[in-house]
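Q: Okay, handing you the structure first.
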Amino acid sequence: MSSRTTVPEVCQPGATTASGDYSYPKETGGSSGCRSSGSSSSRPCIVPRQHSSKRSSFEAGTPSSTGTSPGPWQGSSLHGRANSRRYGKWPPAGNSPNCNGNSNLSRSSSQQLSLSRGQSSSGRCFTWPAYMDQQQLQQAMKRGQVFRAKFRANAANRTEGFCTLEGLPSDLLVRGDVNQNRAMEGDEVAVMPFKLHDWFKVYKESSKLAELGLLPEGEADPLLVAEKLSQLAIAANDADKLAAAQSPWHAVGNPAAALEHLGDLLRTRPDMRVTGRIVSILEPSLRRDAIVGVIVDPATALAAAAAASSSGSSPSPPAAAAAAALASGVYHGCLFLVPLDPRLPQGVLTPAVVAELPEALRDEAFAVDVTSRTFVACRITDWPASSPLPLVEVRQSLGPSGDIDAGTAALLTAEGVKDQDFPLEVYACLPKVPWSMPPAEVATRADFTSWRIFSIDPITARDLDDALSIQPLPGGRWRMGVHIADVAAFVKPNTPLDDEAQIRGTSVYLVQKVIPMLPRLLCEQLCSLQPGDLRFAFSIVWEMGHDGHIYKEWAGRSIINSCAKLAYPMVQQIIEGCFDPNRWQTQLYNGATWEQVIFDSLALHGIASHLRAARFANGSLRLNNTKLHFALDTGGNPVSASPYVQSEANHLVEEFMLLANMRVAAKIAWAFPKHALLRRHPPPSDRKLAEFKAAAEALGVSVDVSTAAALQRSLTALSKACRDQATQEVMTLLATKPMLLAQYFCTNEAPDPATWRHYALATDLYTHFTSPIRRYPDVIVHRLLQAALDLSKQLQEPDNADLVTAPMAEHAELPASAPPADTATAATTAAANASDAVPDASSSSAGSLAAEAAASQRLDAKARSGPSSSTADSDTLWEQAEADDAVAAPREAASEALLKQHQLPDVITMAKIAKHSNETKLSARMVSDGSLRLYLCIMLKQAPKVSWAVVTSVGGDKFFTVYLPEFGCEARMYLNLMGVPLAGSWDGTSQTLTISTGHLAAQQPAGFAANGDVVDNPMTTDAEQQLTQQQEEQQQVQRQEMLLNSPKFNLKIWLECLPNGVLNPSHIPCAELPSQVG
């Protein structure tokens, strides 16, 4: 049987490869379709990939035990596909996944959709543009004409895509299906910027800049210069000069310089956006392997797609081609997949695939009742150059919509989260039970079993990563300890257990359960710091002052025996002075008394408050969005929801964890400047911050966005001046939107230490060390830290061992708590700390994780006080590491030897681990957020509720966006999807949307202003404005009743939960103020 499949072209009326927004310059090479990937080279494989069979599973709500044999770019089975993130093979640049010619993924000719060739009235047929061939692509990338980036689709309009290019102040815009050229959300693509005159102009910004006189003129305007040079080149008939004039970044000759040139152009013309096209798919997104959606008939699917597209605009060439194919009968016998994620394309199930479906699924596709559908997981098998839509096959039936189990399965499948038991080879790596500490291991560790140590966690927590201790020292100082579960003692490098932990990347927290990264024997028992049990730990101990100033530091592996498992509410009551141990069923161990535990908790709180105040004074930013907590009945169904409120007890633990992470980051960056696994948070773009500032001002709030500290001051001042909690939450939500995600990275990827900075925490160095039970990067950091400590020992640097053996003071007074961590009081604290004497040399020895000895006199006193001293600034670290050339070479040789001894990965593998960890962390976050939204929808379905909302923005006469404080979520309301006849009238001058609702519109339609207020219709008469309050309330009730009683009101569709947490316009759960949610 031939593995190569030919799919005839689909014709559509008047289709061309250059039409309006879908303009696609003629290809200068390459083939039509994709080349065979038979000769593709694979990425390094550390463990073999697991293959699965080709059968599909239709067991509702249960994971598929079988799948489809992976192609050259795929991983293993559906739920195990994360393997491909780490070890999968990829096609060489220039080849496309699942395209015509990629034979390994094609079904036989008899199973493929036969798309009959037909001629439209124009005689033209649609074909996707050819991808660049590998040689051409490599040359273009080396010259800075094509760039590698991750493709992102706009959930509100999938024909808009974005690619982030480092150094550019705004994303590159990929407009139109043709320019996107079969790229999907999450694909690694090669993107070519268009010529300068094809860039997109934001006319609103252009007009504003022109009014302010900020637009360049004459020779300072790159657009005018490019036009002038182009005309000269045309007159001279010089093609090379014409190309250089139209795309001046091509002339610089390398990617870095080209990006810098593009960035300069955008900064000169901030009203412009770079546009471009996709010329190759470099690494296909794993979303192609698990698209969750419902199956419908072709006519319904295409009609829904047309309705969701922008009104008044002509269909794109692929959309027109699909419509023509439907009209000509090409899709006879086919069904369509409509994905829940609006960023993903619809897919075609060929007649052969349809024949394999259960009869119930086939019948459901044509059912009139759309409120009950079955979620299915599909994979793309092919996307021929002649097909406007990808071809898909069903991998698994997930269960009915509206069901918690089915919704959870959809979330997990869409994000590639493994919800299966661990393989047998992983269990073989676990220690035998009953387990006892090996004597040889005990002899190498510090014995802290006599210390009073306890954990503070959520009430239901079972994976206890961290514990704290505090002891008074003579002279009024404190011995403060952070003790972290030593997971690395059980998870050895390059074992099946280590491989599985790396693949999973993180534990995933849902409303009803936790999917652990490690087997439960480890995460809930042997590694978890349970009270009354001896446990291995990695401890950091500081000698601290009352204000959190660090004088000495020690780090090393230890043995601890926790005396108690405290919960946040317990510690909060201790802080507030209303704690009664009789109300809590908490047992104390090791002879500890409640009087002692209460004293320790208050001492920790006192120091933590100073750390927090100083951290915010030094520029830290915190944006807390509302997160819901659900109460479940015995059947696991939600019965109520309430916001999860963070208290001072949460802040207590947070401050010491942040401090430990900063100190460890400084140590491993000092020891291994090219191998360290750190975490950075890039600053938001100036443009997005300006948009936030404008949005805030539209709501009547003035904010300073010049720095993270300035933004924090603005939000703090708002919280004091405004008693409206909803307004505060809206501002926090708006402030969050411009923020970029923090990312793990290997320092070898970023040679400039200035790029390592964490924007929100306002620190130069940061990593994750404190949660190894649930985060794999922390395990790597533990190994790096131990290697760094061994390096210090080899260099014969003192280790501050006297700190852990120093006797305790017999009496001590509790440290006074700092005032709330607002700007004024924090600044006072920082100023006081800055006046302290610089710590003595012993605090900067090898035992000090900041490793500041060689340059302590050069450190700013403020930077060394409180938490800001938790990390030496990057210049100091590099000066210290390379100050003495005579020492640098032995240090480097020792470092390399220790990296090998501890079996730490090389820099290339470390970078891959960082990238994979970013992906798994984001997937876990999407699943967690989706789980909260799923339970909210289920709860509101069972008990509909009317809730007040705040209008956050108005999008002309088509939609407006609201924030619901009660549920901490935002939703966009489209007037044509409200379930009742609505008409909108937009007044751009006053930024007011006036909405008319049925017969009530003639009386007094409600208007929605951009500042969040409900305003009167500016067109109402004086008589209408004199309506009494009672009449207005009656009208409001009538509006709500009209909404609920409307025959078009479809609760099921409105409350559909999307796995990525994005609200599709067809699934809006809100109506008007007050919003009908459910």
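As shown in the structure tokens, the chain order sets the letters A, B, ...; within each chain, residues go from 1, and ligands are also counted from 1 in the order they appear.
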Let's see if you can do this: from backbone DSSP, list all alpha helix (DSSP H) residues in range 248-473 of chain A, as a PyMOL selection string.
A: chain A and resi 255-268+298-308+317-327+351-355+359-365+404-415+424-427+439-443
Q: Given the choices A:Ala235, A:Leu741, A:Val426, A:Ala614, which gets closest to Asp498 in chain A if the distance is worked out from only C-alpha atoms?
A: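 Nearest to Asp498 in chain A: A:Val426.
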Q: Write out as JSON, numbers by chain the residues lying within 9 Å of range 684-688 of chain A, counting only C-alpha atoms and excluding same-chain residues fewer than 5 positions away.
A: {"A": [168, 169, 170, 270, 693, 705, 706, 737, 738, 739, 740, 759]}
Q: Can I get the selected residues back with N, CA and C atoms, as a PDB file, in the first residue's frame?
A:
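Final file, selection-v4.pdb:
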```pdb
ATOM      1  N   LEU A 168      12.012  43.510  19.681  1.00  0.00           N
ATOM      2  CA  LEU A 168      11.008  44.352  19.053  1.00  0.00           C
ATOM      3  C   LEU A 168      10.006  44.850  20.101  1.00  0.00           C
ATOM      4  N   PRO A 169       9.637  46.117  20.063  1.00  0.00           N
ATOM      5  CA  PRO A 169       8.717  46.639  21.076  1.00  0.00           C
ATOM      6  C   PRO A 169       7.281  46.145  20.918  1.00  0.00           C
ATOM      7  N   SER A 170       6.948  45.566  19.780  1.00  0.00           N
ATOM      8  CA  SER A 170       5.611  45.015  19.567  1.00  0.00           C
ATOM      9  C   SER A 170       5.733  43.733  18.768  1.00  0.00           C
ATOM     10  N   PRO A 270       6.141  54.429  16.296  1.00  0.00           N
ATOM     11  CA  PRO A 270       5.430  53.536  17.217  1.00  0.00           C
ATOM     12  C   PRO A 270       3.993  53.244  16.807  1.00  0.00           C
ATOM     13  N   LYS A 693      -2.218  52.267  30.852  1.00  0.00           N
ATOM     14  CA  LYS A 693      -2.374  53.589  31.439  1.00  0.00           C
ATOM     15  C   LYS A 693      -3.582  54.296  30.840  1.00  0.00           C
ATOM     16  N   VAL A 705       3.249  54.163  35.331  1.00  0.00           N
ATOM     17  CA  VAL A 705       3.740  52.870  34.839  1.00  0.00           C
ATOM     18  C   VAL A 705       5.218  52.934  34.469  1.00  0.00           C
ATOM     19  N   SER A 706       5.920  53.949  34.946  1.00  0.00           N
ATOM     20  CA  SER A 706       7.319  54.130  34.551  1.00  0.00           C
ATOM     21  C   SER A 706       8.196  52.978  35.022  1.00  0.00           C
ATOM     22  N   LYS A 737      -2.620  42.381  32.479  1.00  0.00           N
ATOM     23  CA  LYS A 737      -2.660  42.061  31.048  1.00  0.00           C
ATOM     24  C   LYS A 737      -1.375  42.406  30.289  1.00  0.00           C
ATOM     25  N   PRO A 738      -0.712  43.535  30.575  1.00  0.00           N
ATOM     26  CA  PRO A 738       0.521  43.814  29.832  1.00  0.00           C
ATOM     27  C   PRO A 738       1.701  42.932  30.246  1.00  0.00           C
ATOM     28  N   MET A 739       1.582  42.238  31.376  1.00  0.00           N
ATOM     29  CA  MET A 739       2.723  41.502  31.905  1.00  0.00           C
ATOM     30  C   MET A 739       3.038  40.262  31.075  1.00  0.00           C
ATOM     31  N   LEU A 740       4.319  40.028  30.913  1.00  0.00           N
ATOM     32  CA  LEU A 740       4.780  38.816  30.251  1.00  0.00           C
ATOM     33  C   LEU A 740       4.919  37.703  31.280  1.00  0.00           C
ATOM     34  N   TYR A 759      11.488  41.182  36.696  1.00  0.00           N
ATOM     35  CA  TYR A 759      10.831  42.497  36.745  1.00  0.00           C
ATOM     36  C   TYR A 759       9.938  42.632  37.962  1.00  0.00           C
TER      37      TYR A 759
END
```
Q: So what do you get for CA of Asp790 in chain A versus CA of Arg504 in chain A, distance-wise?
A: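 Answer for the CA of Asp790 in chain A to CA of Arg504 in chain A separation: 29.3 Å.
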Q: Need the shell around Leu172 in chain A: protein/DNA/RNA residues with any atom at most 7 Å away, counting only C-alpha atoms. Skip same-chain ones fewer than 6 positions apart. Format as an MDAnalysis selection string?
A: chainID A and resid 162:164 273:276
Q: Write out as JSON, numbers by chain which residues come within 8 Å of Leu678 in chain A when counting only C-alpha atoms, dropping same-chain ones fewer than 3 positions away.
A: {"A": [665, 744, 745, 746, 747, 756, 765, 766, 767, 768]}
Q: Closest to Glu813 in chain A among A:Arg477, A:Val491, A:Ala564, A:Trp670, using only C-alpha atoms?
A: A:Arg477
Q: For Pro569 in chain A, find every residue with an atom within 12 Å (counting only C-alpha atoms), except residues of its own chain fewer than 3 positions away, and show them as a PyMOL selection string.
A: chain A and resi 456-460+566+572-576+578-581+583-584+644-650
Q: Mind checking DSSP for range 957-997 of chain A and telling me the strand (DSSP E or B) residues as a ChimeraX atom specification?
A: /A:959-964,969-974,982-987,992-997
